[in-house]
Amino acid sequence: MSNNSCAGGGGTNYPSDCDLTQALLEKARERNEPIKRSAQWQEALPRAKKVKILLLDVDGVLTDGTIIYTHDGGESKGFNTQDGFGLRILQDSGVEVGLITARTSEAVNRRAADLKLRHVYQGTKNKKEAFAKILSDSGLQPDQVAYMGDDWLDLPLLTLVGLAVSPANGVPEVQKRVHYITEKPGGKGAVRELCDLILDAQNKQNTLLKGYLK
């Protein structure tokens with residue numbers, strides 16, 4: 001908050017040097033203040049702190065749920081670059097990332113390759129089987145897993161993992177059974193929000209950020 005030390009000066013319609021200095025000091029203070037987070041965010045931090053792997057549904061989570069069929073019989077999906085970057089820095093922090101989706105799409109294969117994802121399960125109607133395989137391969141426990149899903153097919157996993165998350169566009173039956181609901185919808189920053197939550201809980205966000213401020 002300003003101490004109004006420039007009050008009474010100037011007498012013109014233009015800001016004085018003192019006014020400009022005060023404005024710069026205010027901006028500097030704002031940059032150094034911690035980002036304000038919701039009560040829901042704070043409540044999810046203990047669960048997020050344990051996460052060693054993040055698993056995601058694709059349609060409605062990594063995308064907005066829209067599927068575009070192409071003339072050659074394929075399909076097209078849109079992915080969010082901020083979501084992608086969030087997954088990259090999450091992996092840089094040591095947290096693995098994987099996809100479990102009931103559909104099969106070459107676009108998902110390409111996105112997974114771009115992000116260098118180790119665990120990719122497509123055409124998986126029974127997501128619990130893929131989940132069990134991931135736990136077996138990684139040696140992790142369910143409470144070390146976060147999963148984000150938006151619809152009924154995701155409920156079996158959402159009831160097993162340590163951190164269950166729905167995007168803002170998740171159906172009501174999902175949202176009432178998760179630990180955290182993102183402010184952003186799927187395909188529009190929901191995944192990045194979850195990545196930030198995990199990094200915040202594990203005190204890794206500031207360390208990673210410093211690498212981009214050099």
# chains A, B, ... in the order shown; residues from 1 in each chain; ligands from 1
$ closest_atom_pairs --of "region 16-98 of chain A" --to "region 122-129 of chain A" --cutoff "12 Å" --atoms "only C-alpha atoms" --output "JSON lines"
{"residue": "A:Leu55", "atom": "CA", "partner": "A:Lys127", "partner_atom": "CA", "distance": 10.9}
{"residue": "A:Leu56", "atom": "CA", "partner": "A:Lys127", "partner_atom": "CA", "distance": 10.9}
{"residue": "A:Asp57", "atom": "CA", "partner": "A:Lys127", "partner_atom": "CA", "distance": 9.7}
{"residue": "A:Val58", "atom": "CA", "partner": "A:Gln122", "partner_atom": "CA", "distance": 9.5}
{"residue": "A:Asp59", "atom": "CA", "partner": "A:Gln122", "partner_atom": "CA", "distance": 11.5}
{"residue": "A:Gly98", "atom": "CA", "partner": "A:Gln122", "partner_atom": "CA", "distance": 10.8}
$ select_by_dssp --residues "chain A" --states "strand (DSSP E or B)" --output "list in words"
Ile53, Leu54, Leu55, Leu56, Ile68, Tyr69, Glu75, Ser76, Glu96, Val97, Gly98, Leu99, Ile100, His119, Val120, Tyr121, Val145, Ala146, Tyr147, Met148, Leu163, Ala164, Val165, Ser166, Tyr180 and Ile181 of chain A
$ write_last_selection --atoms "N, CA and C atoms" --output "compact mmCIF listing (two decimals), in the first residue's frame"
# COMPACT_ATOMS: atom_id res chain seq x y z
N ILE A 53 3.66 -39.03 -9.83
CA ILE A 53 3.26 -39.17 -11.24
C ILE A 53 1.88 -38.55 -11.44
N LEU A 54 1.73 -37.83 -12.53
CA LEU A 54 0.45 -37.23 -12.91
C LEU A 54 -0.09 -37.98 -14.12
N LEU A 55 -1.29 -38.51 -14.00
CA LEU A 55 -1.96 -39.20 -15.10
C LEU A 55 -3.15 -38.36 -15.56
N LEU A 56 -3.37 -38.36 -16.87
CA LEU A 56 -4.41 -37.50 -17.44
C LEU A 56 -5.28 -38.26 -18.43
N ILE A 68 -12.69 -33.16 -34.23
CA ILE A 68 -12.94 -32.77 -35.62
C ILE A 68 -12.52 -33.91 -36.54
N TYR A 69 -13.47 -34.44 -37.31
CA TYR A 69 -13.16 -35.51 -38.25
C TYR A 69 -12.67 -34.90 -39.56
N GLU A 75 -8.80 -37.74 -37.37
CA GLU A 75 -9.43 -36.76 -36.51
C GLU A 75 -8.40 -35.76 -36.00
N SER A 76 -8.88 -34.58 -35.69
CA SER A 76 -8.02 -33.49 -35.27
C SER A 76 -8.39 -33.04 -33.86
N GLU A 96 6.70 -37.68 -13.01
CA GLU A 96 6.39 -38.30 -14.30
C GLU A 96 4.97 -37.92 -14.75
N VAL A 97 4.72 -38.07 -16.04
CA VAL A 97 3.41 -37.75 -16.62
C VAL A 97 2.98 -38.88 -17.55
N GLY A 98 1.70 -39.22 -17.51
CA GLY A 98 1.19 -40.25 -18.40
C GLY A 98 -0.23 -39.95 -18.85
N LEU A 99 -0.67 -40.60 -19.92
CA LEU A 99 -2.01 -40.42 -20.47
C LEU A 99 -2.75 -41.76 -20.48
N ILE A 100 -4.02 -41.72 -20.09
CA ILE A 100 -4.88 -42.90 -20.18
C ILE A 100 -6.20 -42.44 -20.80
N HIS A 119 4.44 -42.94 -20.21
CA HIS A 119 3.26 -43.80 -20.05
C HIS A 119 2.12 -43.27 -20.94
N VAL A 120 1.80 -43.98 -22.00
CA VAL A 120 0.72 -43.57 -22.90
C VAL A 120 -0.16 -44.78 -23.19
N TYR A 121 -1.42 -44.72 -22.74
CA TYR A 121 -2.37 -45.81 -22.95
C TYR A 121 -3.58 -45.27 -23.69
N VAL A 145 -0.10 -40.80 -6.72
CA VAL A 145 -0.60 -40.54 -8.08
C VAL A 145 -1.66 -39.45 -8.06
N ALA A 146 -1.58 -38.54 -9.03
CA ALA A 146 -2.66 -37.58 -9.28
C ALA A 146 -3.29 -37.95 -10.62
N TYR A 147 -4.60 -37.82 -10.70
CA TYR A 147 -5.30 -38.10 -11.96
C TYR A 147 -6.36 -37.03 -12.19
N MET A 148 -6.42 -36.55 -13.43
CA MET A 148 -7.46 -35.60 -13.81
C MET A 148 -8.35 -36.21 -14.88
N LEU A 163 -4.59 -37.88 -5.31
CA LEU A 163 -5.09 -36.54 -5.66
C LEU A 163 -5.96 -36.66 -6.90
N ALA A 164 -7.27 -36.59 -6.70
CA ALA A 164 -8.25 -36.68 -7.79
C ALA A 164 -8.68 -35.28 -8.18
N VAL A 165 -8.63 -34.99 -9.50
CA VAL A 165 -8.88 -33.63 -9.98
C VAL A 165 -9.83 -33.65 -11.16
N SER A 166 -10.73 -32.67 -11.18
CA SER A 166 -11.62 -32.45 -12.32
C SER A 166 -11.36 -31.07 -12.90
N TYR A 180 -10.01 -31.71 -5.94
CA TYR A 180 -9.74 -30.36 -6.44
C TYR A 180 -10.42 -30.18 -7.79
N ILE A 181 -11.04 -29.02 -7.99
CA ILE A 181 -11.64 -28.65 -9.27
C ILE A 181 -10.91 -27.42 -9.78
$ atom_distance --atom1 "CA of His71 (chain A)" --atom2 "CA of Gly84 (chain A)"
27.4 Å
$ closest_residue --among "A:Lys184, A:Arg37, A:Lys133, A:Lys116" --to "Gln82 (chain A)" --atoms "only C-alpha atoms"
A:Lys184
$ closest_residue --among "A:Glu43, A:Ala102, A:Lys52, A:Asp114" --to "Ile134 (chain A)" --atoms "only C-alpha atoms"
A:Lys52
